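J.: The structure under discussion is supplied below as structure tokens; questions concerning it will follow.
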Amino acid sequence: MTARNDFRVTTPAESTSPFIVALGVAGIAYGGSKAIQLYDDWEKSAEAAKSGEGKTEEASSSSSWFNFSLGSSRFYEGGFEDKMTKREAALILGIRESAPKKKVREAHRRLSMLNHPDTGGSTFIASKINEAKEKLLGSA
């Protein structure tokens, strides 16, 4: 009597499939938990912005995790000074302090068209754009 092997041998491809599926499920679960955490942080920062508290530390750390922020660092963050300086005027118009008059006029025209009160812009912002132009052109 000879012994007969009635068991099935699993191939390497069959044994790694469950591992790959488990790894994928774990990755999706981890990504989902991070997405929920980031959404909660975003909600907290939105509530803080509405109440006037500014950014919370948690919101800024989660946004830096993706190297993304809602406010771009290219733009001036802060209020207006009491008396406008050439530096502030250049920041408002998005040009250098030493820009030629032609560039100042082009920047003023572009921003005035975007922020004009007749097209839904703010009169305060429009007046600051005009003041910046005057400061850089030497009229003020």
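Ligands are numbered from 1 in the order shown, residues from 1 within each chain, and chains are lettered A, B, ... in the order they appear in the structure tokens.
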Within 12 Å of Lys83 in chain A, counting only C-alpha atoms, which residues qualify if same-chain residues fewer than 4 places away don't, as number ranges by chain?
T.: A: 79, 87-89, 128, 131-132, 135, 140
J.: I need the residue nearest Gly138 in chain A from this list: A:Lys86, A:Ser15, A:Ala35, A:Ala48. Use only C-alpha atoms for the distance.
T.: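 Among the listed residues, the smallest separation from Gly138 in chain A belongs to A:Lys86.
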J.: Which is closest to Ala99 in chain A among A:Thr119, A:Leu136, A:Ser33, A:Leu111, if we use only C-alpha atoms?
T.: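 The closest residue to Ala99 in chain A is A:Leu136.
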J.: Could you check how far CA of Leu91 in chain A sits from CA of Lys50 in chain A, in Å to one decimal?
T.: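 According to the coordinates, CA of Leu91 in chain A and CA of Lys50 in chain A are separated by 26.0 Å.
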J.: When you draw a straight line from CA of Thr123 in chain A to CA of Arg110 in chain A, how long is it in Å?
T.: 15.7 Å
J.: Have a look at CA of Ala22 in chain A and CA of Asp40 in chain A and let me know their distance in Å, one decimal.
T.: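 CA of Asp40 in chain A lies at a distance of 27.1 Å from CA of Ala22 in chain A.
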J.: Excluding same-chain residues fewer than 4 positions from Ile125 in chain A, what lies within 10 Å of it counting only C-alpha atoms, as a ChimeraX atom specification?
T.: /A:92,111-112,115-117,121,129-131
J.: For Ala107 in chain A, which residue out of A:Ala90, A:Val21, A:Ile36, A:Ala49 is the nearest one, using only C-alpha atoms?
T.: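 Going through A:Ala90, A:Val21, A:Ile36, A:Ala49 one by one, the smallest distance to Ala107 in chain A is for A:Ala90.
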J.: Using only C-alpha atoms, which of A:Arg96, A:His108, A:Lys44, A:Lys102 sits nearest Glu134 in chain A?
T.: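 Between A:Arg96, A:His108, A:Lys44, A:Lys102, the residue approaching Glu134 in chain A most closely is A:His108.
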